[in-house]
file structure_11.pdb (PDB, C-alpha atoms)
ATOM      1  CA  MET A 919     -43.740 -92.334 -71.549
ATOM      2  CA  LYS A 920     -43.460 -95.246 -69.144
ATOM      3  CA  GLN A 921     -42.795 -94.853 -65.425
ATOM      4  CA  ALA A 922     -39.356 -96.443 -65.954
ATOM      5  CA  ASP A 923     -38.553 -93.737 -68.541
ATOM      6  CA  LEU A 924     -38.991 -90.876 -66.078
ATOM      7  CA  VAL A 925     -35.802 -89.049 -65.104
ATOM      8  CA  ILE A 926     -35.165 -87.907 -61.535
ATOM      9  CA  ASP A 927     -33.871 -84.346 -61.778
ATOM     10  CA  ARG A 928     -33.157 -82.786 -58.397
ATOM     11  CA  GLU A 929     -31.566 -79.727 -60.007
ATOM     12  CA  ARG A 930     -34.753 -78.976 -61.961
ATOM     13  CA  HIS A 931     -36.757 -79.471 -58.750
ATOM     14  CA  ALA A 932     -34.550 -76.969 -56.899
ATOM     15  CA  ARG A 933     -34.721 -74.544 -59.831
ATOM     16  CA  LEU A 934     -38.524 -74.737 -59.952
ATOM     17  CA  ARG A 935     -38.789 -74.139 -56.220
ATOM     18  CA  TYR A 936     -36.447 -71.148 -56.568
ATOM     19  CA  GLU A 937     -38.378 -69.682 -59.521
ATOM     20  CA  LEU A 938     -41.661 -70.141 -57.674
ATOM     21  CA  ALA A 939     -40.201 -68.467 -54.568
ATOM     22  CA  LEU A 940     -39.174 -65.464 -56.671
ATOM     23  CA  ARG A 941     -42.864 -65.098 -57.490
ATOM     24  CA  GLY A 942     -43.961 -65.542 -53.883
ATOM     25  CA  LEU A 943     -45.187 -69.090 -54.494
ATOM     26  CA  ASN A 944     -44.273 -72.563 -53.317
ATOM     27  CA  LEU A 945     -45.208 -76.160 -54.100
ATOM     28  CA  ALA A 946     -48.182 -75.998 -51.721
ATOM     29  CA  ASP A 947     -49.578 -73.039 -53.689
ATOM     30  CA  ILE A 948     -49.240 -75.003 -56.928
ATOM     31  CA  ALA A 949     -50.911 -77.987 -55.273
ATOM     32  CA  ARG A 950     -53.890 -75.859 -54.228
ATOM     33  CA  GLN A 951     -54.201 -74.419 -57.737
ATOM     34  CA  ALA A 952     -54.020 -77.908 -59.254
ATOM     35  CA  GLY A 953     -56.383 -79.426 -56.709
ATOM     36  CA  VAL A 954     -53.853 -82.058 -55.619
ATOM     37  CA  GLY A 955     -51.572 -82.727 -52.669
ATOM     38  CA  THR A 956     -48.181 -81.078 -52.282
ATOM     39  CA  SER A 957     -46.468 -84.456 -52.552
ATOM     40  CA  ALA A 958     -47.997 -84.956 -56.019
ATOM     41  CA  VAL A 959     -46.529 -81.641 -57.192
ATOM     42  CA  SER A 960     -43.174 -82.481 -55.657
ATOM     43  CA  SER A 961     -43.201 -85.901 -57.305
ATOM     44  CA  VAL A 962     -43.835 -84.352 -60.726
ATOM     45  CA  SER A 963     -41.284 -81.605 -60.171
ATOM     46  CA  ILE A 964     -38.523 -84.008 -59.202
ATOM     47  CA  GLY A 965     -39.399 -86.501 -61.930
ATOM     48  CA  LYS A 966     -40.820 -89.411 -59.946
ATOM     49  CA  SER A 967     -44.198 -89.163 -61.674
ATOM     50  CA  ARG A 968     -45.899 -87.496 -64.599
ATOM     51  CA  SER A 969     -49.006 -85.298 -64.736
ATOM     52  CA  ALA A 970     -49.704 -83.040 -67.698
ATOM     53  CA  HIS A 971     -52.180 -81.140 -65.496
ATOM     54  CA  ILE A 972     -49.650 -80.406 -62.739
ATOM     55  CA  GLU A 973     -46.971 -79.581 -65.322
ATOM     56  CA  SER A 974     -49.299 -77.044 -66.926
ATOM     57  CA  VAL A 975     -50.157 -75.431 -63.562
ATOM     58  CA  ILE A 976     -46.451 -75.077 -62.752
ATOM     59  CA  ALA A 977     -45.789 -73.634 -66.208
ATOM     60  CA  LYS A 978     -48.657 -71.156 -65.911
ATOM     61  CA  ALA A 979     -47.310 -69.964 -62.550
ATOM     62  CA  LEU A 980     -43.897 -69.462 -64.166
ATOM     63  CA  GLU A 981     -45.429 -67.812 -67.262
ATOM     64  CA  CYS A 982     -44.051 -70.341 -69.729
ATOM     65  CA  GLU A 983     -45.053 -73.625 -71.340
ATOM     66  CA  ALA A 984     -44.708 -77.068 -69.784
ATOM     67  CA  LYS A 985     -42.486 -78.218 -72.658
ATOM     68  CA  ASP A 986     -39.997 -75.498 -71.670
ATOM     69  CA  ILE A 987     -39.723 -76.859 -68.125
ATOM     70  CA  PHE A 988     -40.049 -80.559 -68.917
ATOM     71  CA  PRO A 989     -38.545 -80.929 -72.424
ATOM     72  CA  ASP A 990     -37.830 -84.618 -71.841
ATOM     73  CA  ARG A 991     -41.570 -85.230 -71.462
ATOM     74  CA  TYR A 992     -42.738 -83.612 -74.677
ATOM     75  CA  LYS A 993     -42.096 -84.481 -78.301
ATOM     76  CA  PRO A 994     -40.086 -81.897 -80.303
ATOM     77  CA  THR A 995     -43.170 -81.253 -82.462
ATOM     78  CA  GLY A 996     -44.987 -79.915 -79.400
ATOM     79  CA  GLY A 997     -47.248 -82.909 -78.772
ATOM     80  CA  GLU A 998     -47.347 -84.636 -75.439
ATOM     81  CA  ASP A 999     -45.334 -87.804 -75.111
ATOM     82  CA  LEU A1000     -47.686 -89.792 -72.934
TER      83      LEU A1000
END
call {"tool": "encode", "arguments": {"input": "structure_11.pdb", "output": "structure tokens"}}
result
Amino acid sequence: MKQADLVIDRERHARLRYELALRGLNLADIARQAGVGTSAVSSVSIGKSRSAHIESVIAKALECEAKDIFPDRYKPTGGEDL
């Protein structure tokens, strides 16, 4: 997936923040778990950038799979669309 193919999705970003808050977490917590800055997590969450690692950390925190949160970033067969 090319940078130009990424989709900005503010609704998904808000939904992820809400779901994390329900679990007592926020983007800074995800950033610490992923070993990256909060802005990197925010950028992935909103759709400005792509990181399979950050996507997987978010998914783990929400007890689901990254393809469930970011279906536009994964092939229907389950493989990553990098």
call {"tool": "atom_distance", "arguments": {"input": "structure_11.pdb", "atom1": "CA of Asp947 (chain A)", "atom2": "CA of Ala984 (chain A)"}}
result
17.3 Å
call {"tool": "residues_around", "arguments": {"input": "structure_11.pdb", "residues": "Arg950 (chain A)", "least_positions_apart": "5", "cutoff": "12 Å", "atoms": "all atoms listed in the file", "output": "PyMOL selection string"}}
result
chain A and resi 943-945+955-959+972+975-976
call {"tool": "closest_residue", "arguments": {"input": "structure_11.pdb", "among": "A:Leu924, A:Ala946, A:Leu940, A:Val954", "to": "Pro989 (chain A)", "atoms": "all atoms listed in the file"}}
result
A:Leu924
call {"tool": "residues_near_point", "arguments": {"input": "structure_11.pdb", "point": "(-36.0, -75.1, -65.9)", "cutoff": "10 Å", "atoms": "only C-alpha atoms", "output": "short mmCIF file (atom, residue, chain, number, x, y, z; two decimals) with C-alpha atoms, in the coordinates of the input"}}
result
data_model
loop_
_atom_site.label_atom_id
_atom_site.label_comp_id
_atom_site.auth_asym_id
_atom_site.auth_seq_id
_atom_site.Cartn_x
_atom_site.Cartn_y
_atom_site.Cartn_z
CA GLU A 929 -31.57 -79.73 -60.01
CA ARG A 930 -34.75 -78.98 -61.96
CA HIS A 931 -36.76 -79.47 -58.75
CA ALA A 932 -34.55 -76.97 -56.90
CA ARG A 933 -34.72 -74.54 -59.83
CA LEU A 934 -38.52 -74.74 -59.95
CA GLU A 937 -38.38 -69.68 -59.52
CA ALA A 977 -45.79 -73.63 -66.21
CA LEU A 980 -43.90 -69.46 -64.17
CA ALA A 984 -44.71 -77.07 -69.78
CA LYS A 985 -42.49 -78.22 -72.66
CA ASP A 986 -40.00 -75.50 -71.67
CA ILE A 987 -39.72 -76.86 -68.12
CA PHE A 988 -40.05 -80.56 -68.92
CA PRO A 989 -38.54 -80.93 -72.42
#
call {"tool": "closest_residue", "arguments": {"input": "structure_11.pdb", "among": "A:Arg935, A:Ala952, A:Arg991, A:Glu983", "to": "Ser967 (chain A)", "atoms": "only C-alpha atoms"}}
result
A:Arg991
call {"tool": "residues_near_point", "arguments": {"input": "structure_11.pdb", "point": "(-37.2, -81.9, -61.4)", "cutoff": "6 Å", "atoms": "all atoms listed in the file", "output": "PyMOL selection string"}}
result
chain A and resi 927-928+930-931+963-965
call {"tool": "atom_distance", "arguments": {"input": "structure_11.pdb", "atom1": "CA of Ala970 (chain A)", "atom2": "CA of Asp990 (chain A)"}}
result
12.7 Å
call {"tool": "axis_aligned_box", "arguments": {"input": "structure_11.pdb", "around": "region 941-949 of chain A", "padding_each_side": "4 Å", "output": "lines of an AutoDock Vina configuration file"}}
result
center_x = -46.9
center_y = -71.5
center_z = -54.6
size_x = 16.0
size_y = 20.9
size_z = 13.8
call {"tool": "atom_distance", "arguments": {"input": "structure_11.pdb", "atom1": "CA of Lys966 (chain A)", "atom2": "CA of Glu981 (chain A)"}}
result
23.3 Å
call {"tool": "closest_residue", "arguments": {"input": "structure_11.pdb", "among": "A:Ile948, A:Val925, A:Ala939, A:Cys982", "to": "Ser960 (chain A)", "atoms": "only C-alpha atoms"}}
result
A:Ile948
